[in-house]
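Peer 1: My structure file start31.txt, compact mmCIF, C-alpha atoms and all ligand atoms, is below:
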# COMPACT_ATOMS: atom_id res chain seq x y z
CA MET A 1 92.29 -91.50 101.16
CA ASN A 2 95.13 -88.99 101.08
CA SER A 3 95.36 -86.11 103.54
CA LYS A 4 93.56 -83.65 101.30
CA GLU A 5 90.63 -86.02 100.72
CA ILE A 6 90.32 -86.71 104.43
CA ILE A 7 90.40 -83.02 105.30
CA ASP A 8 87.75 -82.14 102.70
CA LYS A 9 85.49 -85.00 103.78
CA TYR A 10 85.88 -84.12 107.47
CA ASP A 11 85.35 -80.38 107.07
CA GLY A 12 82.28 -81.09 104.92
CA ALA A 13 80.62 -82.98 107.76
CA VAL A 14 82.06 -81.70 111.07
CA ILE A 15 81.24 -78.36 112.70
CA GLY A 16 84.18 -76.00 112.39
CA SER A 17 84.75 -75.29 116.09
CA TYR A 18 88.51 -75.87 115.94
CA GLY A 19 91.38 -74.08 114.27
CA ARG A 20 93.05 -77.13 112.75
CA LEU A 21 96.38 -77.83 111.10
CA GLY A 22 96.25 -79.55 107.68
CA LEU A 23 97.44 -82.90 108.93
CA ALA A 24 95.60 -86.24 109.06
CA LEU A 25 97.25 -88.72 111.46
CA GLU A 26 96.42 -92.32 110.74
CA SER A 27 98.77 -94.63 112.64
CA GLY A 28 101.74 -94.59 114.95
CA GLY A 29 103.92 -96.23 117.54
CA GLY A 30 105.36 -94.65 120.68
CA ALA A 31 106.24 -90.99 120.13
CA GLN A 32 106.03 -91.31 116.36
CA GLY A 33 102.95 -90.79 114.20
CA THR A 34 102.35 -91.30 110.47
CA ASP A 35 100.02 -89.19 108.37
CA ALA A 36 97.76 -90.30 105.54
CA ASP A 37 100.47 -89.54 102.99
CA GLY A 38 103.06 -91.67 104.78
CA LYS A 39 105.02 -88.79 106.32
CA ILE A 40 106.43 -89.51 109.79
CA TYR A 41 106.28 -87.09 112.73
CA ILE A 42 107.97 -87.03 116.12
CA ASP A 43 105.28 -86.10 118.62
CA PHE A 44 106.09 -83.64 121.41
CA GLY A 45 102.36 -83.08 122.06
CA SER A 46 100.86 -86.55 122.62
CA GLY A 47 97.36 -85.30 121.85
CA ILE A 48 97.68 -82.60 124.53
CA GLY A 49 99.12 -85.07 127.01
CA THR A 50 96.47 -87.68 126.34
CA ASN A 51 98.46 -90.46 124.67
CA SER A 52 100.51 -90.86 127.83
CA LEU A 53 102.04 -94.18 126.72
CA GLY A 54 102.47 -92.96 123.14
CA TYR A 55 100.61 -94.27 120.11
CA ALA A 56 99.34 -97.86 120.11
CA ASP A 57 101.37 -99.16 123.06
CA ASN A 58 101.28 -102.96 122.73
CA GLU A 59 100.30 -103.87 126.28
CA TRP A 60 97.68 -101.13 126.34
CA ALA A 61 96.20 -102.11 122.94
CA ASP A 62 96.04 -105.78 124.02
CA ALA A 63 94.27 -104.99 127.30
CA VAL A 64 91.77 -102.77 125.50
CA SER A 65 90.97 -105.38 122.86
CA VAL A 66 90.69 -108.24 125.38
CA GLN A 67 88.14 -106.19 127.31
CA ALA A 68 86.26 -105.20 124.13
CA HIS A 69 85.89 -108.90 123.29
CA LYS A 70 84.57 -109.64 126.80
CA MET A 71 82.15 -106.76 127.39
CA GLN A 72 82.29 -103.19 126.11
CA HIS A 73 79.90 -101.33 128.39
CA VAL A 74 78.14 -101.97 131.69
CA SER A 75 75.39 -99.69 132.94
CA ASN A 76 75.94 -97.93 136.23
CA TYR A 77 72.92 -99.89 137.48
CA TYR A 78 75.38 -102.78 137.74
CA TYR A 79 78.99 -103.51 138.71
CA ASN A 80 82.03 -104.60 136.71
CA SER A 81 85.38 -106.04 137.85
CA THR A 82 87.61 -103.99 135.49
CA ALA A 83 86.13 -100.70 136.72
CA ALA A 84 86.34 -101.93 140.33
CA GLU A 85 90.00 -102.83 139.94
CA PHE A 86 90.83 -99.53 138.26
CA ALA A 87 89.07 -97.45 140.93
CA GLU A 88 90.70 -99.35 143.79
CA LYS A 89 94.15 -99.04 142.25
CA LEU A 90 93.83 -95.33 141.40
CA THR A 91 92.52 -94.34 144.83
CA GLU A 92 95.28 -96.39 146.49
CA MET A 93 98.00 -94.87 144.32
CA THR A 94 96.77 -91.30 144.84
CA GLY A 95 96.03 -91.71 148.55
CA THR A 96 92.42 -90.68 148.04
CA ASP A 97 89.29 -92.41 149.34
CA LYS A 98 86.70 -92.57 146.55
CA LEU A 99 86.25 -91.41 142.97
CA PHE A 100 83.49 -90.57 140.53
CA PHE A 101 83.82 -91.78 136.93
CA GLY A 102 83.15 -89.42 134.02
CA ASN A 103 84.47 -89.12 130.47
CA SER A 104 86.41 -85.87 130.21
CA GLY A 105 88.23 -83.17 132.10
CA ALA A 106 85.26 -80.83 132.00
CA GLU A 107 83.01 -83.54 133.38
CA ALA A 108 85.47 -84.32 136.17
CA ASN A 109 85.53 -80.62 137.08
CA GLU A 110 81.72 -80.38 136.96
CA CYS A 111 81.65 -83.19 139.49
CA ALA A 112 84.20 -81.42 141.70
CA ILE A 113 82.12 -78.23 141.62
CA LYS A 114 78.95 -80.14 142.49
CA ILE A 115 80.65 -81.94 145.39
CA ALA A 116 82.11 -78.71 146.81
CA ARG A 117 78.76 -76.91 146.62
CA LYS A 118 76.68 -79.79 147.98
CA ARG A 119 79.09 -80.36 150.85
CA SER A 120 78.84 -76.67 151.73
CA PHE A 121 75.04 -76.75 151.56
CA ASP A 122 74.78 -80.02 153.52
CA LYS A 123 76.98 -78.63 156.27
CA TYR A 124 75.87 -74.98 156.47
CA GLY A 125 72.34 -75.09 154.97
CA ASP A 126 73.20 -71.80 153.25
CA LYS A 127 72.26 -71.42 149.57
CA ASP A 128 74.62 -68.45 149.31
CA ARG A 129 77.75 -70.25 150.48
CA THR A 130 78.50 -71.35 146.93
CA THR A 131 81.28 -69.14 145.53
CA ILE A 132 84.29 -70.94 144.13
CA ILE A 133 87.54 -69.04 143.81
CA THR A 134 89.52 -69.86 140.68
CA LEU A 135 92.63 -68.26 139.24
CA VAL A 136 93.10 -65.73 136.48
CA ASN A 137 94.48 -67.50 133.39
CA SER A 138 93.09 -70.86 134.49
CA PHE A 139 91.42 -73.35 132.20
CA HIS A 140 88.80 -75.78 133.50
CA GLY A 141 86.81 -76.92 130.47
CA ARG A 142 84.23 -76.05 127.82
CA THR A 143 80.86 -76.74 129.44
CA VAL A 144 78.92 -73.62 130.45
CA THR A 145 79.86 -74.08 134.12
CA THR A 146 83.52 -74.95 133.58
CA LEU A 147 83.82 -71.99 131.19
CA SER A 148 82.52 -69.89 134.08
CA ALA A 149 85.16 -71.43 136.31
CA THR A 150 87.83 -70.59 133.72
CA GLY A 151 89.45 -67.29 134.72
CA GLN A 152 89.90 -65.85 131.22
CA GLU A 153 87.55 -63.13 129.99
CA HIS A 154 87.62 -64.20 126.34
CA PHE A 155 85.97 -67.50 127.28
CA HIS A 156 83.05 -65.66 128.86
CA ASN A 157 81.39 -64.90 125.57
CA TYR A 158 78.50 -65.89 123.29
CA PHE A 159 76.88 -68.48 125.55
CA PHE A 160 75.14 -66.24 128.07
CA PRO A 161 74.03 -66.66 130.76
CA PHE A 162 77.05 -68.28 132.40
CA THR A 163 76.84 -70.14 135.70
CA PRO A 164 77.23 -67.64 138.54
CA GLY A 165 79.32 -68.17 141.65
CA PHE A 166 82.93 -67.93 140.49
CA ARG A 167 85.46 -65.31 141.59
CA TYR A 168 88.86 -64.93 139.94
CA VAL A 169 92.09 -64.23 141.78
CA GLU A 170 95.48 -63.55 140.24
CA ALA A 171 97.80 -66.56 140.61
CA ASN A 172 100.55 -66.16 143.23
CA ASN A 173 98.88 -63.05 144.67
CA ILE A 174 98.38 -63.95 148.32
CA HIS A 175 96.92 -60.56 149.19
CA ALA A 176 94.27 -60.82 146.44
CA LEU A 177 93.41 -64.33 147.60
CA ARG A 178 92.85 -63.15 151.18
CA GLU A 179 90.79 -60.20 149.92
CA ALA A 180 88.52 -62.49 147.89
CA ILE A 181 87.39 -64.55 150.89
CA ASP A 182 84.01 -63.78 152.39
CA GLY A 183 81.06 -65.73 153.83
CA THR A 184 79.86 -66.83 150.38
CA VAL A 185 83.01 -68.78 149.49
CA CYS A 186 82.94 -72.60 149.68
CA ALA A 187 86.00 -73.68 147.68
CA ILE A 188 89.27 -72.75 145.98
CA MET A 189 90.01 -74.44 142.65
CA PHE A 190 93.38 -74.26 140.89
CA GLU A 191 95.88 -75.93 138.58
CA PHE A 192 99.35 -76.44 140.11
CA ILE A 193 100.68 -75.60 136.66
CA GLN A 194 98.38 -73.59 134.42
CA GLY A 195 98.52 -75.54 131.18
CA GLU A 196 96.46 -73.67 128.60
CA GLY A 197 97.27 -70.47 130.51
CA GLY A 198 100.96 -70.63 129.56
CA VAL A 199 102.65 -73.41 131.60
CA ASN A 200 102.83 -71.22 134.72
CA VAL A 201 103.85 -73.07 137.89
CA LEU A 202 102.25 -71.85 141.13
CA GLU A 203 104.64 -70.65 143.82
CA GLN A 204 105.00 -72.87 146.89
CA SER A 205 104.08 -69.97 149.21
CA PHE A 206 100.85 -69.37 147.27
CA VAL A 207 99.92 -73.06 147.38
CA ASP A 208 100.61 -73.10 151.13
CA GLU A 209 98.39 -70.03 151.52
CA ILE A 210 95.53 -71.71 149.61
CA PHE A 211 95.64 -74.58 152.07
CA SER A 212 95.90 -72.48 155.21
CA ILE A 213 93.03 -70.19 154.10
CA ALA A 214 90.97 -73.27 153.27
CA ARG A 215 91.61 -74.66 156.76
CA GLU A 216 90.75 -71.35 158.42
CA HIS A 217 87.46 -70.94 156.55
CA ASP A 218 86.51 -74.60 156.06
CA LEU A 219 86.76 -74.37 152.25
CA ALA A 220 87.21 -77.25 149.85
CA THR A 221 90.52 -77.38 147.99
CA ILE A 222 90.08 -78.59 144.41
CA SER A 223 93.13 -79.24 142.28
CA ASP A 224 92.44 -79.57 138.58
CA GLU A 225 95.13 -82.08 137.58
CA VAL A 226 93.47 -82.87 134.27
CA GLN A 227 96.71 -81.89 132.51
CA THR A 228 99.31 -82.09 135.31
CA GLY A 229 98.25 -85.50 136.66
CA VAL A 230 99.09 -89.10 135.73
CA GLY A 231 102.88 -88.81 135.61
CA ARG A 232 102.95 -85.69 133.45
CA THR A 233 105.18 -83.82 135.92
CA ALA A 234 107.28 -86.98 136.55
CA ARG A 235 105.24 -87.64 139.70
CA LEU A 236 101.88 -89.38 139.77
CA LEU A 237 100.24 -86.10 140.85
CA ALA A 238 101.68 -82.58 140.65
CA ALA A 239 100.47 -82.15 144.26
CA GLU A 240 103.45 -84.28 145.34
CA HIS A 241 105.85 -81.50 144.29
CA PHE A 242 104.09 -79.14 146.70
CA GLY A 243 103.54 -81.56 149.60
CA VAL A 244 99.80 -80.93 149.84
CA LYS A 245 96.67 -83.09 149.79
CA PRO A 246 93.69 -81.38 148.17
CA ASP A 247 90.21 -82.52 149.23
CA ILE A 248 89.24 -83.04 145.59
CA VAL A 249 91.50 -83.88 142.63
CA THR A 250 90.38 -84.14 139.02
CA LEU A 251 92.22 -86.20 136.41
CA ALA A 252 91.51 -86.87 132.75
CA LYS A 253 93.86 -86.32 129.80
CA GLY A 254 96.58 -88.98 130.23
CA LEU A 255 94.57 -91.32 132.45
CA GLY A 256 93.12 -93.62 129.79
CA GLY A 257 96.24 -93.68 127.61
CA GLY A 258 94.17 -92.01 124.88
CA LEU A 259 90.66 -93.24 125.70
CA PRO A 260 88.06 -90.84 127.11
CA ILE A 261 87.96 -90.78 130.90
CA GLY A 262 87.72 -88.14 133.61
CA VAL A 263 87.65 -88.84 137.31
CA CYS A 264 86.94 -86.79 140.38
CA LEU A 265 88.96 -88.11 143.34
CA THR A 266 87.91 -87.23 146.87
CA ARG A 267 89.25 -87.45 150.40
CA GLY A 268 87.57 -87.72 153.78
CA GLU A 269 84.11 -86.21 154.16
CA TYR A 270 84.10 -85.26 150.44
CA ALA A 271 83.93 -88.95 149.52
CA ASP A 272 80.38 -89.30 150.82
CA VAL A 273 78.76 -86.06 149.62
CA LEU A 274 77.10 -87.47 146.50
CA THR A 275 74.28 -89.87 147.33
CA PRO A 276 72.16 -92.06 145.00
CA GLY A 277 70.42 -89.94 142.38
CA THR A 278 72.51 -86.77 142.86
CA HIS A 279 74.97 -87.32 140.00
CA GLY A 280 75.64 -89.67 137.12
CA SER A 281 77.23 -90.30 133.73
CA THR A 282 76.06 -93.03 131.34
CA PHE A 283 79.51 -94.00 130.05
CA GLY A 284 81.28 -93.41 133.38
CA GLY A 285 83.48 -96.34 134.39
CA ASN A 286 83.42 -97.87 130.92
CA PRO A 287 85.34 -101.17 131.19
CA VAL A 288 87.22 -100.82 127.88
CA VAL A 289 88.49 -97.41 128.99
CA CYS A 290 89.30 -98.75 132.46
CA ALA A 291 91.23 -101.67 130.92
CA GLY A 292 93.41 -99.15 129.08
CA GLY A 293 93.68 -97.01 132.22
CA LEU A 294 94.84 -100.01 134.25
CA VAL A 295 97.85 -100.41 131.93
CA VAL A 296 98.69 -96.71 132.44
CA LEU A 297 98.47 -97.17 136.22
CA LYS A 298 100.55 -100.36 136.09
CA ARG A 299 103.30 -98.50 134.23
CA LEU A 300 103.20 -95.56 136.66
CA SER A 301 103.37 -97.81 139.72
CA ASP A 302 106.68 -99.29 138.48
CA PRO A 303 109.50 -97.45 140.33
CA GLU A 304 111.88 -98.16 137.45
CA PHE A 305 109.52 -96.49 134.98
CA MET A 306 109.16 -93.46 137.25
CA ALA A 307 112.93 -93.15 137.81
CA GLU A 308 113.52 -93.32 134.07
CA LEU A 309 110.72 -90.77 133.53
CA ARG A 310 112.45 -88.32 135.89
CA ARG A 311 115.78 -88.77 134.11
CA LYS A 312 114.17 -88.30 130.71
CA ALA A 313 112.31 -85.21 131.88
CA GLU A 314 115.61 -83.69 133.05
CA TYR A 315 117.21 -84.50 129.72
CA PHE A 316 114.26 -83.04 127.81
CA ARG A 317 114.36 -79.84 129.84
CA LYS A 318 118.11 -79.43 129.38
CA SER A 319 117.82 -79.97 125.62
CA LEU A 320 114.96 -77.47 125.33
CA THR A 321 116.77 -74.88 127.46
CA SER A 322 119.88 -75.08 125.27
CA LEU A 323 118.04 -74.28 122.02
CA PRO A 324 118.65 -70.94 120.29
CA LYS A 325 116.10 -68.19 121.01
CA VAL A 326 114.75 -70.03 124.06
CA LYS A 327 114.77 -67.36 126.79
CA SER A 328 113.48 -69.53 129.62
CA VAL A 329 111.73 -72.82 130.26
CA SER A 330 108.84 -73.21 132.71
CA GLY A 331 106.97 -76.26 133.95
CA LEU A 332 107.79 -79.56 135.64
CA GLY A 333 108.58 -83.05 134.37
CA LEU A 334 107.40 -83.49 130.80
CA MET A 335 105.06 -80.50 130.93
CA LEU A 336 107.27 -77.69 129.67
CA GLY A 337 106.82 -74.25 128.17
CA ALA A 338 109.55 -72.37 126.32
CA GLU A 339 109.51 -68.59 126.28
CA LEU A 340 110.90 -67.50 122.91
CA ASP A 341 112.94 -64.49 121.96
CA GLY A 342 111.56 -62.58 118.98
CA ILE A 343 109.67 -65.47 117.35
CA ALA A 344 105.96 -66.24 117.54
CA ALA A 345 105.34 -69.72 118.99
CA GLY A 346 102.65 -70.32 116.36
CA ASP A 347 105.19 -69.80 113.56
CA VAL A 348 107.60 -72.25 115.20
CA LEU A 349 104.78 -74.79 115.53
CA LYS A 350 104.00 -74.57 111.79
CA ALA A 351 107.63 -74.68 110.67
CA ALA A 352 108.27 -77.68 112.95
CA LEU A 353 105.23 -79.45 111.54
CA ASN A 354 106.62 -79.06 108.01
CA LYS A 355 109.87 -80.64 109.16
CA GLY A 356 108.13 -83.55 110.89
CA LEU A 357 107.71 -82.49 114.53
CA LEU A 358 104.42 -81.94 116.38
CA VAL A 359 104.53 -79.39 119.20
CA LEU A 360 101.94 -77.29 121.03
CA THR A 361 101.66 -73.69 122.11
CA ALA A 362 100.23 -72.13 125.27
CA LYS A 363 99.68 -68.39 125.10
CA ALA A 364 103.03 -66.99 123.83
CA LYS A 365 105.01 -70.11 124.75
CA LEU A 366 105.97 -73.21 122.85
CA ARG A 367 104.53 -76.10 124.87
CA CYS A 368 105.86 -79.65 125.02
CA LEU A 369 103.88 -82.56 126.47
CA PRO A 370 105.61 -85.60 124.93
CA PRO A 371 104.42 -89.12 125.70
CA LEU A 372 105.90 -90.43 128.96
CA THR A 373 107.41 -93.28 126.95
CA ILE A 374 109.38 -91.07 124.55
CA THR A 375 112.93 -92.37 123.93
CA TYR A 376 116.16 -90.37 124.17
CA GLU A 377 116.61 -90.85 120.40
CA GLN A 378 113.18 -89.37 119.75
CA ILE A 379 113.91 -86.44 122.07
CA ASP A 380 117.14 -85.81 120.14
CA ALA A 381 115.39 -86.10 116.77
CA GLY A 382 112.66 -83.62 117.82
CA MET A 383 115.17 -81.18 119.33
CA LYS A 384 117.23 -81.29 116.13
CA ILE A 385 114.18 -80.11 114.19
CA LEU A 386 113.43 -77.40 116.76
CA ARG A 387 117.04 -76.24 116.62
CA GLU A 388 116.84 -75.94 112.83
CA VAL A 389 113.55 -74.06 112.99
CA LEU A 390 114.71 -71.69 115.72
CA SER A 391 117.93 -70.95 113.84
CA GLU A 392 116.03 -69.76 110.78
CA GLN A 393 115.01 -66.16 110.20
CA PHE A 394 111.30 -65.46 110.43
C1 LIG B 1 92.12 -80.03 129.02
C2 LIG B 1 91.78 -79.49 130.34
C3 LIG B 1 90.46 -79.49 130.82
C4 LIG B 1 89.29 -79.93 129.95
O1 LIG B 1 89.35 -81.29 129.64
P1 LIG B 1 88.36 -81.88 128.52
O2 LIG B 1 88.66 -83.34 128.54
O3 LIG B 1 88.68 -81.20 127.22
O4 LIG B 1 86.98 -81.57 128.95
C5 LIG B 1 90.22 -79.05 132.09
N1 LIG B 1 91.23 -78.62 132.88
C6 LIG B 1 92.51 -78.60 132.47
C7 LIG B 1 93.57 -78.14 133.39
C8 LIG B 1 92.82 -79.03 131.18
O5 LIG B 1 94.09 -78.98 130.76
As structure tokens - that is how I would like this structure written.
Peer 2:
Amino acid sequence: MNSKEIIDKYDGAVIGSYGRLGLALESGGGAQGTDADGKIYIDFGSGIGTNSLGYADNEWADAVSVQAHKMQHVSNYYYNSTAAEFAEKLTEMTGTDKLFFGNSGAEANECAIKIARKRSFDKYGDKDRTTIITLVNSFHGRTVTTLSATGQEHFHNYFFPFTPGFRYVEANNIHALREAIDGTVCAIMFEFIQGEGGVNVLEQSFVDEIFSIAREHDLATISDEVQTGVGRTARLLAAEHFGVKPDIVTLAKGLGGGLPIGVCLTRGEYADVLTPGTHGSTFGGNPVVCAGGLVVLKRLSDPEFMAELRRKAEYFRKSLTSLPKVKSVSGLGLMLGAELDGIAAGDVLKAALNKGLLVLTAKAKLRCLPPLTITYEQIDAGMKILREVLSEQF
């Protein structure tokens, strides 16, 4: 099938809930993908940070197929060694105590919300101590409850009624955060860098305030690291940049190297809130997914890989900053947003696509989330295309 045939077939059978680009990707290696017509693309998006090791990493693909040949799924009535190994390694690496296995970012956040609310109820016996503070411009997922948690009005549409119990505070506004606290609040949930919201990094003073308010009022701190986690910011967790330890951390996108997984990591008393029968997920802890995830974790626990990742991230940032019409660059590691001067990011995305480069946007910014394995040559090749595009007149 050529691209056009694929697109027609797909659109004829799949609900049109996405605004898509006319591109059918069929194979790839590292930071390079090939479409159905044989055209090659450099990928600065990695499936929104999901293909953390790039396309079809050899070690990852081998581990996944070995596990698929052994056993593809084990019910949560039973145990499995691959899931056990993955969970032990991830909790050790993140300095957390226990995790819950789900399949997506939204599901990981649902679990975090349930844990925060149940812990509050268990401890205070108060059905009204349930409010979760989230930030304006946040993004936490597409389920009815995580849409509620998302602090963007345009997401609070069509699917009424939304889950109550969320209160939105402007990011980096310490005064507004203090004002929002009352006896009904049980948790504060935030992204260290708002991804979908425009690659906005929280200020250190605001993060510190979140944690001191949480201590004062015995609130759960929930960091949604679905996008920022798993090496994306050139640290295992973005929390490391801020020197804080949230009670609950959610991870998803890059964690499975491209396979569906979402986990809710917990510390201390939060590790024992959910008891048998209070939560579940049929596919959670799937061994094929965990086998892929173990390769991601192995790579990220190699100090050489992490040192190289930090160098590459610096190089990427410098290259992006030096492009024409780039006013400023926000973000950390390989999660970067470029503010453009007089050009719509969506137009740049489309022109880059035509020239063989995949990029993302976030609000008005051009967003780059390349695979953590991208090479210097691929960075240069992608930047060359961006330079050409940004030098043109729109
Ligand atoms: C992508 C994303 C989600 C939602 O993840 P899904 O896997 O699409 O459910 C939640 N939070 C953040 C910060 C994200 O970037």
Peer 1: May I ask you to write as a PyMOL selection string all residues lying at most 7 Å from ligand LIG 1 (chain B), with only C-alpha atoms and all ligand atoms counted?
Peer 2: chain A and resi 104-107+139-142+191+194-196+224-227+252-253
Peer 1: Of the candidates A:Leu255, A:Ala313, A:Ile248, A:Ala344, which one gets nearest to A:Ala271 if we count only C-alpha atoms?
Peer 2: A:Ile248
Peer 1: Find the residues near stretch 2-12 of chain A: any atom within 6 Å, counting all atoms listed in the file, skip ones fewer than 5 places away on the same chain, and give them as a ChimeraX atom specification.
Peer 2: /A:24,36-37
Peer 1: List as a ChimeraX atom specification: which residues have an atom within 9 Å of (82.7, -90.3, 127.0), counting all atoms listed in the file?
Peer 2: /A:102-104,259-262,281-284,286
Peer 1: How would you write as a PyMOL selection string the residues that get within 9 Å of (75.8, -69.1, 129.3) in the file's frame, counting only C-alpha atoms?
Peer 2: chain A and resi 144-145+147-148+156-163
Peer 1: Could you turn the residues from that selection into a file that holds C-alpha atoms, as a PDB file, keeping the file's coordinate frame?
Peer 2:
ATOM      1  CA  VAL A 144      78.920 -73.620 130.450  1.00  0.00           C
ATOM      2  CA  THR A 145      79.860 -74.080 134.120  1.00  0.00           C
ATOM      3  CA  LEU A 147      83.820 -71.990 131.190  1.00  0.00           C
ATOM      4  CA  SER A 148      82.520 -69.890 134.080  1.00  0.00           C
ATOM      5  CA  HIS A 156      83.050 -65.660 128.860  1.00  0.00           C
ATOM      6  CA  ASN A 157      81.390 -64.900 125.570  1.00  0.00           C
ATOM      7  CA  TYR A 158      78.500 -65.890 123.290  1.00  0.00           C
ATOM      8  CA  PHE A 159      76.880 -68.480 125.550  1.00  0.00           C
ATOM      9  CA  PHE A 160      75.140 -66.240 128.070  1.00  0.00           C
ATOM     10  CA  PRO A 161      74.030 -66.660 130.760  1.00  0.00           C
ATOM     11  CA  PHE A 162      77.050 -68.280 132.400  1.00  0.00           C
ATOM     12  CA  THR A 163      76.840 -70.140 135.700  1.00  0.00           C
TER      13      THR A 163
END
Peer 1: Go ahead and compute the interatomic distance for atom CA of A:Glu392 and atom CA of A:Gly356, in Å to one decimal.
Peer 2: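 Atom CA of A:Gly356 lies at a distance of 15.9 Å from atom CA of A:Glu392.
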Peer 1: In Å, how far is it from atom CA of A:Glu85 to atom CA of A:Ala63?
Peer 2: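 Atom CA of A:Ala63 lies at a distance of 13.5 Å from atom CA of A:Glu85.
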Peer 1: Using all atoms listed in the file, which residues sit within 6 Å of stretch 42-45 of chain A once same-chain residues fewer than 6 positions away are excluded, as a short mmCIF file (atom, residue, chain, number, x, y, z; two decimals) with C-alpha atoms, keeping the file's coordinate frame?
Peer 2:
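Contents of the output file part-v3.cif:
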data_model
loop_
_atom_site.label_atom_id
_atom_site.label_comp_id
_atom_site.auth_asym_id
_atom_site.auth_seq_id
_atom_site.Cartn_x
_atom_site.Cartn_y
_atom_site.Cartn_z
CA ALA A 31 106.24 -90.99 120.13
CA GLN A 32 106.03 -91.31 116.36
CA LEU A 357 107.71 -82.49 114.53
CA LEU A 358 104.42 -81.94 116.38
CA VAL A 359 104.53 -79.39 119.20
CA LEU A 360 101.94 -77.29 121.03
CA CYS A 368 105.86 -79.65 125.02
CA LEU A 369 103.88 -82.56 126.47
CA PRO A 370 105.61 -85.60 124.93
#
Peer 1: Per residue of stretch 207-275 of chain A within 12 Å of stretch 127-131 of chain A, note the shortest atom pair and the distance in Å to one decimal, counting all atoms listed in the file, and order the rows by chain and increasing residue number, as CSV.
Peer 2:
residue,atom,partner,partner_atom,distance
A:His217,CA,A:Arg129,CA,11.5
A:Asp218,CA,A:Arg129,CA,11.3
A:Leu219,CA,A:Arg129,CA,10.1
A:Ala220,CA,A:Thr130,CA,10.9
Peer 1: Skipping near chain neighbours, those fewer than 2 positions away, what residues fall within 12 Å of A:Glu216 using all atoms listed in the file, listed as a PyMOL selection string?
Peer 2: chain A and resi 178+181-182+186-187+209-214+218-220
Peer 1: Keeping C-alpha atoms for every residue in the selection just given, could you write it to a file as a compact mmCIF listing (two decimals), keeping the file's coordinate frame?
Peer 2:
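File part_26.txt, as written:
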# COMPACT_ATOMS: atom_id res chain seq x y z
CA ARG A 178 92.85 -63.15 151.18
CA ILE A 181 87.39 -64.55 150.89
CA ASP A 182 84.01 -63.78 152.39
CA CYS A 186 82.94 -72.60 149.68
CA ALA A 187 86.00 -73.68 147.68
CA GLU A 209 98.39 -70.03 151.52
CA ILE A 210 95.53 -71.71 149.61
CA PHE A 211 95.64 -74.58 152.07
CA SER A 212 95.90 -72.48 155.21
CA ILE A 213 93.03 -70.19 154.10
CA ALA A 214 90.97 -73.27 153.27
CA ASP A 218 86.51 -74.60 156.06
CA LEU A 219 86.76 -74.37 152.25
CA ALA A 220 87.21 -77.25 149.85
Peer 1: Need to verify the contact set: A:Thr375, 12 Å, only C-alpha atoms, exclusion of same-chain residues closer than 2 positions in sequence. Can you return it as a list in words?
Peer 2: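 So the residues in contact are Gly29, Gly30, Ala31, Gln32, Ile42, Asp43, Phe44, Leu53, Gly54, Glu308, Leu309, Arg311, Lys312, Ala313, Tyr315, Phe316, Pro370, Pro371, Leu372, Thr373, Glu377, Gln378, Ile379, Asp380, Ala381 and Gly382 of chain A.
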Peer 1: Take the residues from that selection and write them out as an mmCIF file, in the frame of the given file, keeping C-alpha atoms.
Peer 2:
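The resulting result-v3.cif:
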data_model
loop_
_atom_site.group_PDB
_atom_site.id
_atom_site.type_symbol
_atom_site.label_atom_id
_atom_site.label_comp_id
_atom_site.auth_asym_id
_atom_site.auth_seq_id
_atom_site.Cartn_x
_atom_site.Cartn_y
_atom_site.Cartn_z
ATOM 1 C CA GLY A 29 103.920 -96.230 117.540
ATOM 2 C CA GLY A 30 105.360 -94.650 120.680
ATOM 3 C CA ALA A 31 106.240 -90.990 120.130
ATOM 4 C CA GLN A 32 106.030 -91.310 116.360
ATOM 5 C CA ILE A 42 107.970 -87.030 116.120
ATOM 6 C CA ASP A 43 105.280 -86.100 118.620
ATOM 7 C CA PHE A 44 106.090 -83.640 121.410
ATOM 8 C CA LEU A 53 102.040 -94.180 126.720
ATOM 9 C CA GLY A 54 102.470 -92.960 123.140
ATOM 10 C CA GLU A 308 113.520 -93.320 134.070
ATOM 11 C CA LEU A 309 110.720 -90.770 133.530
ATOM 12 C CA ARG A 311 115.780 -88.770 134.110
ATOM 13 C CA LYS A 312 114.170 -88.300 130.710
ATOM 14 C CA ALA A 313 112.310 -85.210 131.880
ATOM 15 C CA TYR A 315 117.210 -84.500 129.720
ATOM 16 C CA PHE A 316 114.260 -83.040 127.810
ATOM 17 C CA PRO A 370 105.610 -85.600 124.930
ATOM 18 C CA PRO A 371 104.420 -89.120 125.700
ATOM 19 C CA LEU A 372 105.900 -90.430 128.960
ATOM 20 C CA THR A 373 107.410 -93.280 126.950
ATOM 21 C CA GLU A 377 116.610 -90.850 120.400
ATOM 22 C CA GLN A 378 113.180 -89.370 119.750
ATOM 23 C CA ILE A 379 113.910 -86.440 122.070
ATOM 24 C CA ASP A 380 117.140 -85.810 120.140
ATOM 25 C CA ALA A 381 115.390 -86.100 116.770
ATOM 26 C CA GLY A 382 112.660 -83.620 117.820
#
Peer 1: One decimal, in Å: what's the spacing between atom CA of A:Leu25 and atom CA of A:Tyr41?
Peer 2: 9.3 Å
Peer 1: Name the closest residue to A:Val263 among the candidates A:Asp57, A:Glu179, A:Glu203, A:Glu110; distances are taken between atoms, counting only C-alpha atoms.
Peer 2: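 Of all the options, A:Glu110 lies closest to A:Val263.
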Peer 1: Set the distance at 12 Å and use all atoms listed in the file: which residues neighbour A:Arg117 once local chain neighbours fewer than 2 positions away are removed? I'd like the list as a VMD selection string.
Peer 2: chain A and resid 110 to 115 119 to 132 165 to 166 184 to 188 219 to 222 270 273 to 274
Peer 1: Which is closer to A:Phe155 than all the others in A:Leu251, A:Val136, A:Val64, A:Val288, using only C-alpha atoms?
Peer 2: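 Among the listed residues, A:Val136 lies closest to A:Phe155.
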